[in-house]
file structure-v1.txt (compact mmCIF, C-alpha atoms)
# COMPACT_ATOMS: atom_id res chain seq x y z
CA MET H 318 15.83 9.08 -22.22
CA SER H 319 18.55 6.54 -21.63
CA THR H 320 18.47 3.25 -23.49
CA VAL H 321 20.34 1.56 -20.65
CA ASP H 322 18.62 -1.39 -19.05
CA PHE H 323 17.96 -0.43 -15.40
CA ARG H 324 16.24 -3.00 -13.25
CA PHE H 325 14.88 -2.40 -9.74
CA TRP H 326 14.57 -5.70 -7.86
CA PHE H 327 12.24 -5.42 -4.89
CA GLU H 328 10.57 -7.62 -2.27
CA PHE H 329 7.41 -6.45 -0.51
CA GLY H 330 8.56 -7.59 2.93
CA SER H 331 11.80 -5.59 2.69
CA THR H 332 12.10 -2.40 4.72
CA TYR H 333 14.71 -0.63 2.62
CA SER H 334 12.79 -1.52 -0.58
CA TYR H 335 10.04 0.76 0.76
CA LEU H 336 12.43 3.72 0.57
CA SER H 337 13.53 2.91 -2.98
CA ALA H 338 9.99 2.24 -4.21
CA CYS H 339 9.02 5.74 -3.06
CA ARG H 340 12.20 7.48 -4.26
CA ILE H 341 13.12 5.76 -7.50
CA GLU H 342 10.81 7.35 -10.05
CA ASN H 343 11.80 10.94 -9.25
CA ALA H 344 15.49 10.08 -8.93
CA ALA H 345 15.51 8.05 -12.17
CA SER H 346 13.64 10.72 -14.05
CA ALA H 347 16.20 13.33 -12.91
CA ALA H 348 18.97 11.02 -14.16
CA GLY H 349 17.19 10.37 -17.47
CA VAL H 350 16.84 6.66 -16.70
CA THR H 351 13.80 4.41 -17.30
CA VAL H 352 13.19 1.83 -14.58
CA SER H 353 11.95 -1.76 -14.97
CA TRP H 354 10.26 -2.93 -11.77
CA GLU H 355 11.24 -6.52 -10.96
CA PRO H 356 9.33 -8.26 -8.15
CA PHE H 357 10.96 -11.29 -6.51
CA LEU H 358 10.94 -13.21 -3.23
CA LEU H 359 13.76 -13.01 -0.74
CA SER H 360 12.83 -16.02 1.37
CA PRO H 361 14.20 -18.68 -1.04
CA ILE H 362 17.42 -16.65 -1.27
CA PHE H 363 17.63 -16.31 2.52
CA THR H 364 17.00 -20.05 2.88
CA GLU H 365 20.04 -20.74 0.68
CA GLN H 366 22.08 -18.54 3.03
CA GLY H 367 20.90 -20.65 5.96
CA TRP H 368 18.33 -18.22 7.39
CA ASP H 369 14.74 -19.22 8.10
CA ASP H 370 13.80 -15.61 8.90
CA SER H 371 14.84 -12.06 8.01
CA PRO H 372 18.49 -11.41 8.97
CA PHE H 373 17.10 -8.46 10.95
CA ASN H 374 15.34 -10.99 13.19
CA VAL H 375 18.19 -13.53 13.13
CA TYR H 376 20.68 -10.85 14.29
CA PRO H 377 18.92 -8.70 16.92
CA ALA H 378 21.58 -5.95 17.15
CA LYS H 379 21.34 -5.47 13.39
CA GLY H 380 17.55 -5.50 13.60
CA ARG H 381 17.38 -2.87 16.36
CA TYR H 382 19.72 -0.68 14.32
CA MET H 383 17.73 -1.15 11.10
CA TRP H 384 14.46 0.07 12.65
CA ARG H 385 16.11 3.22 14.00
CA ASP H 386 17.96 3.80 10.74
CA LEU H 387 14.74 3.36 8.75
CA GLU H 388 12.89 5.79 11.01
CA ARG H 389 15.62 8.42 10.56
CA LEU H 390 15.77 7.89 6.79
CA CYS H 391 11.98 8.13 6.41
CA ALA H 392 12.08 11.39 8.35
CA SER H 393 14.85 12.75 6.15
CA TYR H 394 13.02 11.74 2.94
CA GLY H 395 9.66 12.98 4.24
CA LEU H 396 8.13 9.49 4.06
CA PRO H 397 5.52 8.33 6.58
CA PHE H 398 6.62 5.47 8.84
CA ILE H 399 5.04 3.29 11.52
CA LYS H 400 7.02 0.31 12.74
CA PRO H 401 4.93 -2.67 11.60
CA SER H 402 3.57 -4.86 14.39
CA ARG H 403 4.68 -7.88 12.37
CA PHE H 404 7.95 -8.32 10.46
CA PRO H 405 8.59 -9.53 7.89
CA ARG H 406 5.15 -9.68 6.35
CA ASN H 407 4.42 -12.21 3.63
CA GLY H 408 4.72 -10.43 0.29
CA LEU H 409 3.83 -13.49 -1.82
CA LEU H 410 0.40 -12.40 -3.09
CA ALA H 411 1.52 -8.81 -3.71
CA ALA H 412 4.55 -10.12 -5.63
CA ARG H 413 2.30 -12.34 -7.75
CA VAL H 414 0.07 -9.36 -8.57
CA ALA H 415 3.18 -7.31 -9.44
CA CYS H 416 4.39 -10.16 -11.68
CA LEU H 417 1.07 -10.19 -13.46
CA ALA H 418 1.26 -6.42 -14.00
CA LYS H 419 4.80 -6.78 -15.34
CA ALA H 420 3.84 -9.60 -17.72
CA LEU H 421 0.95 -7.51 -19.08
CA SER H 422 3.08 -4.32 -19.17
CA GLU H 423 0.45 -2.63 -17.01
CA PRO H 424 1.32 1.00 -16.18
CA TRP H 425 -0.09 0.68 -12.65
CA LEU H 426 2.71 -1.55 -11.31
CA PRO H 427 4.73 1.24 -9.60
CA ASP H 428 1.59 2.79 -8.03
CA PHE H 429 0.43 -0.60 -6.79
CA ALA H 430 3.86 -1.37 -5.34
CA ARG H 431 4.12 1.96 -3.53
CA THR H 432 0.62 1.54 -2.09
CA VAL H 433 1.50 -1.94 -0.78
CA TYR H 434 4.72 -0.61 0.78
CA ARG H 435 2.85 2.24 2.46
CA ALA H 436 0.27 -0.24 3.78
CA ASN H 437 3.08 -2.34 5.29
CA PHE H 438 5.42 0.34 6.62
CA ALA H 439 3.27 3.43 7.14
CA GLU H 440 -0.17 1.98 7.98
CA ASP H 441 0.71 -1.33 9.68
CA ARG H 442 -1.72 -3.27 7.48
CA GLU H 443 -1.43 -7.02 6.87
CA ILE H 444 -0.29 -7.15 3.25
CA GLY H 445 -0.26 -10.96 3.47
CA ASP H 446 -4.10 -10.89 3.50
CA ALA H 447 -5.85 -11.16 0.16
CA ALA H 448 -8.52 -8.74 1.42
CA VAL H 449 -5.89 -6.02 1.95
CA ILE H 450 -4.35 -6.53 -1.50
CA ARG H 451 -7.80 -6.51 -3.04
CA SER H 452 -8.72 -3.26 -1.29
CA ILE H 453 -5.45 -1.71 -2.47
CA LEU H 454 -6.20 -2.70 -6.08
CA ASP H 455 -9.76 -1.43 -5.74
CA SER H 456 -8.48 1.88 -4.33
CA LEU H 457 -6.43 2.27 -7.53
CA GLU H 458 -9.67 1.75 -9.50
CA LEU H 459 -8.53 -1.66 -10.69
CA PRO H 460 -10.66 -4.85 -10.67
CA GLY H 461 -9.17 -6.27 -7.45
CA ALA H 462 -11.00 -9.59 -7.28
CA GLU H 463 -10.30 -10.39 -10.90
CA LEU H 464 -6.61 -9.49 -10.71
CA ILE H 465 -6.11 -11.61 -7.58
CA GLU H 466 -7.66 -14.55 -9.38
CA GLN H 467 -5.37 -14.07 -12.38
CA ALA H 468 -2.38 -13.68 -10.06
CA GLY H 469 -3.08 -17.16 -8.71
CA THR H 470 -2.88 -19.06 -12.00
CA THR H 471 -0.18 -21.69 -12.39
CA GLU H 472 1.35 -19.69 -15.24
CA ASN H 473 1.62 -16.52 -13.13
CA LYS H 474 3.00 -18.40 -10.12
CA ARG H 475 5.64 -19.78 -12.48
CA LEU H 476 6.56 -16.23 -13.55
CA LEU H 477 7.34 -15.21 -9.97
CA HIS H 478 9.32 -18.38 -9.45
CA GLU H 479 11.32 -17.52 -12.58
CA GLN H 480 11.90 -13.94 -11.36
CA THR H 481 13.32 -15.23 -8.08
CA ARG H 482 15.52 -17.75 -9.90
CA GLN H 483 16.84 -14.95 -12.13
CA ALA H 484 17.53 -12.73 -9.11
CA GLY H 485 19.68 -15.47 -7.60
CA GLU H 486 21.51 -15.93 -10.90
CA LEU H 487 22.27 -12.20 -11.02
CA GLY H 488 24.00 -12.53 -7.64
CA ILE H 489 21.20 -10.78 -5.74
CA PHE H 490 21.26 -11.61 -2.02
CA GLY H 491 19.10 -8.83 -0.56
CA ALA H 492 16.63 -6.08 -1.48
CA PRO H 493 16.41 -3.58 -2.92
CA SER H 494 18.93 -4.36 -5.64
CA PHE H 495 19.58 -2.49 -8.86
CA VAL H 496 21.07 -4.13 -11.92
CA VAL H 497 22.51 -2.04 -14.74
CA GLU H 498 23.89 -4.07 -17.65
CA GLY H 499 25.25 -6.77 -15.34
CA GLU H 500 26.44 -4.38 -12.59
CA LEU H 501 24.80 -5.13 -9.26
CA PHE H 502 24.09 -2.44 -6.66
CA TRP H 503 22.57 -3.45 -3.33
CA GLY H 504 20.61 -1.29 -0.93
CA ASP H 505 18.58 1.90 -1.08
CA ASP H 506 21.82 3.74 -0.24
CA ARG H 507 23.24 2.64 -3.62
CA LEU H 508 20.33 4.02 -5.69
CA ASP H 509 22.16 7.22 -6.63
CA HIS H 510 25.35 5.34 -7.49
CA ALA H 511 23.38 2.90 -9.68
CA LEU H 512 21.63 5.75 -11.49
CA ALA H 513 24.92 7.60 -12.05
CA TRP H 514 26.35 4.35 -13.41
CA ALA H 515 23.40 4.02 -15.80
CA SER H 516 23.77 7.63 -16.97
CA SER H 517 27.44 7.15 -17.71
CA ARG H 518 26.79 3.83 -19.53
CA SER H 519 24.10 5.56 -21.52
CA ALA H 520 26.53 8.31 -22.58
CA GLU H 521 29.06 5.64 -23.60
CA ASN H 522 26.44 3.73 -25.60
CA SER H 523 25.45 6.91 -27.46
CA GLU H 524 29.12 7.63 -28.18
CA ASN H 525 29.63 4.12 -29.58
CA ALA H 526 26.47 4.32 -31.68
CA ARG H 527 27.72 7.38 -33.56
CA MET R 772 33.64 23.91 15.89
CA SER R 773 30.90 21.69 17.19
CA THR R 774 30.91 20.53 20.77
CA VAL R 775 29.00 17.40 19.84
CA ASP R 776 30.66 14.12 20.69
CA PHE R 777 31.30 12.32 17.37
CA ARG R 778 32.97 8.93 17.56
CA PHE R 779 34.30 6.96 14.60
CA TRP R 780 34.54 3.26 15.47
CA PHE R 781 36.85 1.38 13.12
CA GLU R 782 38.45 -2.05 12.71
CA PHE R 783 41.61 -2.45 10.65
CA GLY R 784 40.42 -5.60 8.90
CA SER R 785 37.21 -3.92 7.70
CA THR R 786 36.98 -2.96 4.03
CA TYR R 787 34.43 -0.18 4.34
CA SER R 788 36.34 1.31 7.29
CA TYR R 789 39.14 2.01 4.78
CA LEU R 790 36.80 4.36 2.90
CA SER R 791 35.72 6.20 6.03
CA ALA R 792 39.24 6.48 7.41
CA CYS R 793 40.27 8.25 4.20
CA ARG R 794 37.15 10.40 3.87
CA ILE R 795 36.21 11.36 7.40
CA GLU R 796 38.58 14.21 8.20
CA ASN R 797 37.63 16.32 5.15
CA ALA R 798 33.94 15.54 5.48
CA ALA R 799 33.91 16.27 9.24
CA SER R 800 35.83 19.47 8.81
CA ALA R 801 33.32 20.65 6.16
CA ALA R 802 30.53 19.87 8.65
CA GLY R 803 32.31 21.61 11.53
CA VAL R 804 32.58 18.37 13.50
CA THR R 805 35.56 17.06 15.49
CA VAL R 806 36.12 13.30 15.26
CA SER R 807 37.29 10.93 18.00
CA TRP R 808 38.94 7.87 16.48
CA GLU R 809 37.86 4.69 18.32
CA PRO R 810 39.71 1.47 17.48
CA PHE R 811 38.02 -1.84 18.32
CA LEU R 812 37.97 -5.47 17.23
CA LEU R 813 35.12 -6.97 15.24
CA SER R 814 35.98 -10.62 15.77
CA PRO R 815 34.57 -10.90 19.34
CA ILE R 816 31.40 -9.19 18.09
CA PHE R 817 31.17 -11.51 15.08
CA THR R 818 31.71 -14.52 17.36
CA GLU R 819 28.68 -13.45 19.42
CA GLN R 820 26.66 -13.42 16.19
CA GLY R 821 27.78 -16.98 15.50
CA TRP R 822 30.39 -16.23 12.83
CA ASP R 823 33.95 -17.52 13.02
CA ASP R 824 34.97 -15.44 9.98
CA SER R 825 34.00 -12.22 8.20
CA PRO R 826 30.36 -12.33 7.03
CA PHE R 827 31.79 -11.54 3.57
CA ASN R 828 33.48 -14.94 3.67
CA VAL R 829 30.59 -16.72 5.42
CA TYR R 830 28.14 -15.50 2.72
CA PRO R 831 29.93 -15.76 -0.66
CA ALA R 832 27.31 -13.84 -2.73
CA LYS R 833 27.59 -10.93 -0.28
CA GLY R 834 31.39 -11.19 -0.40
CA ARG R 835 31.58 -11.12 -4.20
CA TYR R 836 29.32 -8.10 -4.21
CA MET R 837 31.31 -6.28 -1.54
CA TRP R 838 34.59 -6.50 -3.47
CA ARG R 839 33.01 -5.10 -6.61
CA ASP R 840 31.18 -2.41 -4.64
CA LEU R 841 34.42 -1.44 -2.87
CA GLU R 842 36.31 -1.25 -6.17
CA ARG R 843 33.63 1.03 -7.66
CA LEU R 844 33.49 3.23 -4.53
CA CYS R 845 37.29 3.59 -4.37
CA ALA R 846 37.24 4.66 -8.03
CA SER R 847 34.52 7.21 -7.36
CA TYR R 848 36.37 8.61 -4.30
CA GLY R 849 39.73 8.57 -6.07
CA LEU R 850 41.20 6.11 -3.56
CA PRO R 851 43.75 3.49 -4.59
CA PHE R 852 42.58 -0.12 -4.30
CA ILE R 853 44.08 -3.57 -4.76
CA LYS R 854 42.03 -6.55 -3.64
CA PRO R 855 44.08 -7.99 -0.77
CA SER R 856 45.39 -11.52 -1.31
CA ARG R 857 44.21 -12.31 2.23
CA PHE R 858 40.95 -11.28 3.89
CA PRO R 859 40.30 -10.41 6.59
CA ARG R 860 43.76 -9.54 7.86
CA ASN R 861 44.44 -9.54 11.58
CA GLY R 862 44.22 -5.95 12.81
CA LEU R 863 45.05 -6.77 16.45
CA LEU R 864 48.51 -5.18 16.66
CA ALA R 865 47.47 -2.12 14.65
CA ALA R 866 44.45 -1.70 16.93
CA ARG R 867 46.68 -1.93 20.01
CA VAL R 868 48.94 0.77 18.61
CA ALA R 869 45.89 2.91 17.81
CA CYS R 870 44.65 2.38 21.38
CA LEU R 871 47.97 3.51 22.74
CA ALA R 872 47.86 6.63 20.56
CA LYS R 873 44.33 7.34 21.76
CA ALA R 874 45.27 6.89 25.43
CA LEU R 875 48.20 9.29 25.03
CA SER R 876 46.13 11.74 22.89
CA GLU R 877 48.78 11.44 20.17
CA PRO R 878 47.98 13.55 17.10
CA TRP R 879 49.34 10.88 14.73
CA LEU R 880 46.50 8.38 15.26
CA PRO R 881 44.53 9.31 12.09
CA ASP R 882 47.68 9.32 9.93
CA PHE R 883 48.75 5.97 11.34
CA ALA R 884 45.31 4.48 10.77
CA ARG R 885 45.10 5.70 7.17
CA THR R 886 48.57 4.34 6.42
CA VAL R 887 47.62 0.91 7.82
CA TYR R 888 44.42 0.90 5.75
CA ARG R 889 46.33 1.79 2.60
CA ALA R 890 48.85 -0.98 3.35
CA ASN R 891 45.99 -3.49 3.65
CA PHE R 892 43.69 -2.39 0.84
CA ALA R 893 45.90 -0.52 -1.64
CA GLU R 894 49.29 -2.23 -1.24
CA ASP R 895 48.33 -5.78 -0.24
CA ARG R 896 50.74 -5.77 2.71
CA GLU R 897 50.37 -8.09 5.70
CA ILE R 898 49.28 -5.69 8.45
CA GLY R 899 49.17 -8.61 10.89
CA ASP R 900 53.01 -8.66 10.84
CA ALA R 901 54.77 -6.61 13.49
CA ALA R 902 57.48 -5.75 10.93
CA VAL R 903 54.91 -4.08 8.67
CA ILE R 904 53.38 -2.08 11.53
CA ARG R 905 56.83 -1.06 12.67
CA SER R 906 57.81 0.09 9.18
CA ILE R 907 54.58 2.10 8.97
CA LEU R 908 55.33 3.82 12.28
CA ASP R 909 58.92 4.46 11.21
CA SER R 910 57.69 5.94 7.91
CA LEU R 911 55.67 8.44 9.96
CA GLU R 912 58.92 9.36 11.80
CA LEU R 913 57.72 7.67 14.98
CA PRO R 914 59.76 5.28 17.17
CA GLY R 915 58.25 2.08 15.75
CA ALA R 916 60.00 -0.51 17.90
CA GLU R 917 59.32 1.40 21.10
CA LEU R 918 55.64 1.99 20.31
CA ILE R 919 55.08 -1.67 19.46
CA GLU R 920 56.58 -2.64 22.79
CA GLN R 921 54.30 -0.18 24.64
CA ALA R 922 51.33 -1.42 22.65
CA GLY R 923 51.93 -4.90 24.05
CA THR R 924 51.71 -4.05 27.74
CA THR R 925 48.95 -5.65 29.79
CA GLU R 926 47.50 -2.22 30.51
CA ASN R 927 47.29 -1.33 26.82
CA LYS R 928 45.84 -4.72 25.89
CA ARG R 929 43.19 -4.08 28.52
CA LEU R 930 42.35 -0.74 26.89
CA LEU R 931 41.58 -2.41 23.54
CA HIS R 932 39.51 -5.04 25.32
CA GLU R 933 37.57 -2.25 27.01
CA GLN R 934 37.05 -0.44 23.67
CA THR R 935 35.58 -3.60 22.13
CA ARG R 936 33.34 -4.14 25.15
CA GLN R 937 32.09 -0.55 24.87
CA ALA R 938 31.43 -0.98 21.15
CA GLY R 939 29.21 -3.96 21.89
CA GLU R 940 27.41 -2.01 24.60
CA LEU R 941 26.72 0.81 22.13
CA GLY R 942 24.95 -1.70 19.89
CA ILE R 943 27.78 -1.77 17.33
CA PHE R 944 27.67 -4.92 15.17
CA GLY R 945 29.88 -3.90 12.23
CA ALA R 946 32.41 -1.33 11.05
CA PRO R 947 32.71 1.46 10.40
CA SER R 948 30.19 2.80 12.89
CA PHE R 949 29.61 6.38 13.97
CA VAL R 950 28.10 7.30 17.31
CA VAL R 951 26.71 10.78 17.94
CA GLU R 952 25.31 11.31 21.44
CA GLY R 953 23.89 7.78 21.58
CA GLU R 954 22.73 7.68 17.94
CA LEU R 955 24.34 4.83 16.03
CA PHE R 956 25.08 5.02 12.30
CA TRP R 957 26.54 1.98 10.55
CA GLY R 958 28.53 1.89 7.35
CA ASP R 959 30.63 4.27 5.29
CA ASP R 960 27.43 5.11 3.40
CA ARG R 961 26.01 6.64 6.58
CA LEU R 962 28.95 9.00 7.20
CA ASP R 963 27.19 12.02 5.70
CA HIS R 964 23.98 11.29 7.59
CA ALA R 965 25.92 10.96 10.86
CA LEU R 966 27.74 14.25 10.27
CA ALA R 967 24.49 16.04 9.38
CA TRP R 968 22.99 14.62 12.59
CA ALA R 969 25.96 15.96 14.58
CA SER R 970 25.67 19.40 12.99
CA SER R 971 22.00 19.63 13.81
CA ARG R 972 22.59 18.41 17.40
CA SER R 973 25.32 21.00 17.73
CA ALA R 974 22.95 23.76 16.60
CA GLU R 975 20.36 22.55 19.13
CA ASN R 976 22.95 22.46 21.93
CA SER R 977 24.01 26.05 21.15
CA GLU R 978 20.36 27.11 21.13
CA ASN R 979 19.78 25.51 24.54
CA ALA R 980 22.95 27.06 25.99
CA ARG R 981 21.75 30.59 25.26

call {"tool": "encode", "arguments": {"input": "structure-v1.txt", "output": "structure tokens"}}
result
Amino acid sequence: MSTVDFRFWFEFGSTYSYLSACRIENAASAAGVTVSWEPFLLSPIFTEQGWDDSPFNVYPAKGRYMWRDLERLCASYGLPFIKPSRFPRNGLLAARVACLAKALSEPWLPDFARTVYRANFAEDREIGDAAVIRSILDSLELPGAELIEQAGTTENKRLLHEQTRQAGELGIFGAPSFVVEGELFWGDDRLDHALAWASSRSAENSENAR
Amino acid sequence: MSTVDFRFWFEFGSTYSYLSACRIENAASAAGVTVSWEPFLLSPIFTEQGWDDSPFNVYPAKGRYMWRDLERLCASYGLPFIKPSRFPRNGLLAARVACLAKALSEPWLPDFARTVYRANFAEDREIGDAAVIRSILDSLELPGAELIEQAGTTENKRLLHEQTRQAGELGIFGAPSFVVEGELFWGDDRLDHALAWASSRSAENSENAR
């Protein structure tokens, strides 16, 4: 496997992050790349850009296009899709749980993330509700109530805050984003390019290590 | 060849339109699709969205990313690239000439467009200057001075205005955009998806015609 640092920055409210969350493990494995899952929040980053809502709501033509594009892409990737009755949903609690999983190096982070994305974009469930997040954790045979409590500690809240700060520092302005040794790639449509970049960096690193 | 209507909407100031202008003919030919080249202006559309400049200038993090992304994509497509010393450049005159070529069904429209894009994004030339556009036309063995004069008639100006109005009506909010029988695809990274859509529509149309 590659020793290149490949980071997948995702936000639970983000439509195109749903695609990447579902596609990334297979694609990365084919490219010989190991993925670090990096939860963060877009809203503080959007606020800095002067938006108090998703740009897909701020700019209606862009929003109408995005929903059709997403529907077509889901169909082409064989992913289920139902346009959520509310957008964007609040991904704060889910992101805190993901942060907790990351801090504890829990192997269930990717499964949890994909299940939350499916709830939001394929089942129209309210992922902002603690009851929904708890039922998702329970469905993965994890102690939902306990994990939600741990996710709410001051220390864990601070971790998510730090993730979001780091995302901004890396130049991230949207989700999904992929960062490979300082190179930023934005959008699900850049996943393959980012993985190819990682593979070629990995080959270079091996060459230099000889 | 396909009988499906495939329209490539481009703006001369747009960075990602440069990629599509250079890639589209080979890609379309491989997909059995014929392309109609549709010049328009983004600035009236941006104005409606509340921007008085390119969004890549309005949102600096997005702009910094775009230049790096473009550089990487040009390298991967084998296209020359020099970051222009001015962005965005005024594509009005070039778009008027392209409109004239379209109205007269001139076969040199794609060649002209690609040469203007290269001037802007690979040679850092001021495509807003009539002298540059004239020299480009002359280099294609066309009567530059005469064409520029024809491009400036009230009738031809009206044609470009009408193109831009149509683009807005089609839901276009950025460039490049591809429209296939009412389906909108936005961005150079959607070119392959748009062509695949056209191929499958073409197969359906043939099926129905039997």

call {"tool": "residues_around", "arguments": {"input": "structure-v1.txt", "residues": "region 497-499 of chain H", "least_positions_apart": "4", "cutoff": "8 Å", "atoms": "all atoms listed in the file", "output": "list in words"}}
result
Val321, Asp322, Phe323, Arg324, Leu487, Ala511, Trp514 and Ala515 of chain H

call {"tool": "residues_around", "arguments": {"input": "structure-v1.txt", "residues": "region 506-508 of chain H", "least_positions_apart": "5", "cutoff": "8 Å", "atoms": "only C-alpha atoms", "output": "number ranges by chain"}}
result
H: 337, 341, 495; R: 960

call {"tool": "interface_residues", "arguments": {"input": "structure-v1.txt", "of": "chain H", "to": "chain R", "cutoff": "12 Å", "atoms": "all atoms listed in the file", "output": "PyMOL selection string"}}
result
chain H and resi 362-363+365-368+372-387+389-390+392-394+484-491+494+496+499-511+513-514

call {"tool": "closest_residue", "arguments": {"input": "structure-v1.txt", "among": "R:Leu911, R:Val903, R:Leu863, R:Val887", "to": "Leu813 (chain R)", "atoms": "all atoms listed in the file"}}
result
R:Leu863

call {"tool": "closest_residue", "arguments": {"input": "structure-v1.txt", "among": "H:Ala526, H:Ala430, H:Val350, H:Leu410", "to": "Leu336 (chain H)", "atoms": "all atoms listed in the file"}}
result
H:Ala430

call {"tool": "atom_distance", "arguments": {"input": "structure-v1.txt", "atom1": "CA of Leu459 (chain H)", "atom2": "CA of Ala347 (chain H)"}}
result
29.0 Å

call {"tool": "atom_distance", "arguments": {"input": "structure-v1.txt", "atom1": "CA of Ala890 (chain R)", "atom2": "CA of Gly784 (chain R)"}}
result
11.1 Å

call {"tool": "residues_around", "arguments": {"input": "structure-v1.txt", "residues": "Glu355 (chain H)", "least_positions_apart": "4", "cutoff": "9 Å", "atoms": "only C-alpha atoms", "output": "PyMOL selection string"}}
result
chain H and resi 324-328+415-416+419+480

call {"tool": "atom_distance", "arguments": {"input": "structure-v1.txt", "atom1": "CA of Trp354 (chain H)", "atom2": "CA of Pro427 (chain H)"}}
result
7.3 Å

call {"tool": "residues_around", "arguments": {"input": "structure-v1.txt", "residues": "Ser906 (chain R)", "least_positions_apart": "6", "cutoff": "12 Å", "atoms": "only C-alpha atoms", "output": "ChimeraX atom specification"}}
result
/R:865,883,886-887,890,896-898,900,912-916,918-919

call {"tool": "closest_residue", "arguments": {"input": "structure-v1.txt", "among": "H:Ala439, H:Cys391, H:Ala420, H:Leu396", "to": "Ser353 (chain H)", "atoms": "all atoms listed in the file"}}
result
H:Ala420

call {"tool": "axis_aligned_box", "arguments": {"input": "structure-v1.txt", "around": "region 835-848 of chain R", "padding_each_side": "3 Å", "output": "AutoDock Vina command-line options"}}
result
--center_x 33.3 --center_y -1.3 --center_z -4.8 --size_x 14.0 --size_y 25.7 --size_z 12.5

call {"tool": "decode", "arguments": {"input": "structure-v1.txt", "residues": "region 359-404 of chain H", "atoms": "C-alpha atoms", "output": "mmCIF file, in the first residue's frame"}}
result
data_model
loop_
_atom_site.group_PDB
_atom_site.id
_atom_site.type_symbol
_atom_site.label_atom_id
_atom_site.label_comp_id
_atom_site.auth_asym_id
_atom_site.auth_seq_id
_atom_site.Cartn_x
_atom_site.Cartn_y
_atom_site.Cartn_z
ATOM 1 C CA LEU H 359 -18.711 23.824 6.034
ATOM 2 C CA SER H 360 -20.904 26.471 7.629
ATOM 3 C CA PRO H 361 -18.067 28.449 9.305
ATOM 4 C CA ILE H 362 -16.214 28.377 5.968
ATOM 5 C CA PHE H 363 -19.326 29.506 4.068
ATOM 6 C CA THR H 364 -19.865 32.276 6.617
ATOM 7 C CA GLU H 365 -16.362 33.607 5.866
ATOM 8 C CA GLN H 366 -17.328 33.692 2.175
ATOM 9 C CA GLY H 367 -20.381 35.775 3.067
ATOM 10 C CA TRP H 368 -23.021 33.035 2.759
ATOM 11 C CA ASP H 369 -25.500 32.267 5.517
ATOM 12 C CA ASP H 370 -26.777 29.199 3.642
ATOM 13 C CA SER H 371 -25.556 26.600 1.143
ATOM 14 C CA PRO H 372 -24.454 28.247 -2.129
ATOM 15 C CA PHE H 373 -26.946 25.879 -3.792
ATOM 16 C CA ASN H 374 -29.705 27.761 -1.968
ATOM 17 C CA VAL H 375 -28.074 31.194 -2.340
ATOM 18 C CA TYR H 376 -27.811 30.716 -6.138
ATOM 19 C CA PRO H 377 -31.030 29.013 -7.324
ATOM 20 C CA ALA H 378 -29.872 28.245 -10.900
ATOM 21 C CA LYS H 379 -26.834 26.465 -9.494
ATOM 22 C CA GLY H 380 -29.024 24.655 -6.978
ATOM 23 C CA ARG H 381 -31.522 23.419 -9.589
ATOM 24 C CA TYR H 382 -28.607 22.164 -11.672
ATOM 25 C CA MET H 383 -26.930 20.443 -8.713
ATOM 26 C CA TRP H 384 -30.011 18.355 -7.867
ATOM 27 C CA ARG H 385 -30.362 17.136 -11.452
ATOM 28 C CA ASP H 386 -26.629 16.498 -11.731
ATOM 29 C CA LEU H 387 -26.648 14.549 -8.459
ATOM 30 C CA GLU H 388 -29.608 12.465 -9.595
ATOM 31 C CA ARG H 389 -27.842 11.592 -12.867
ATOM 32 C CA LEU H 390 -24.556 10.801 -11.105
ATOM 33 C CA CYS H 391 -26.263 8.583 -8.514
ATOM 34 C CA ALA H 392 -27.932 6.703 -11.355
ATOM 35 C CA SER H 393 -24.633 6.260 -13.165
ATOM 36 C CA TYR H 394 -22.862 5.050 -9.990
ATOM 37 C CA GLY H 395 -25.779 2.820 -8.991
ATOM 38 C CA LEU H 396 -26.353 4.764 -5.752
ATOM 39 C CA PRO H 397 -29.845 5.225 -4.305
ATOM 40 C CA PHE H 398 -31.097 8.820 -4.237
ATOM 41 C CA ILE H 399 -34.152 10.668 -2.940
ATOM 42 C CA LYS H 400 -34.049 14.452 -2.980
ATOM 43 C CA PRO H 401 -34.116 15.372 0.726
ATOM 44 C CA SER H 402 -37.146 17.377 1.836
ATOM 45 C CA ARG H 403 -34.761 19.651 3.741
ATOM 46 C CA PHE H 404 -31.400 20.998 2.560
#
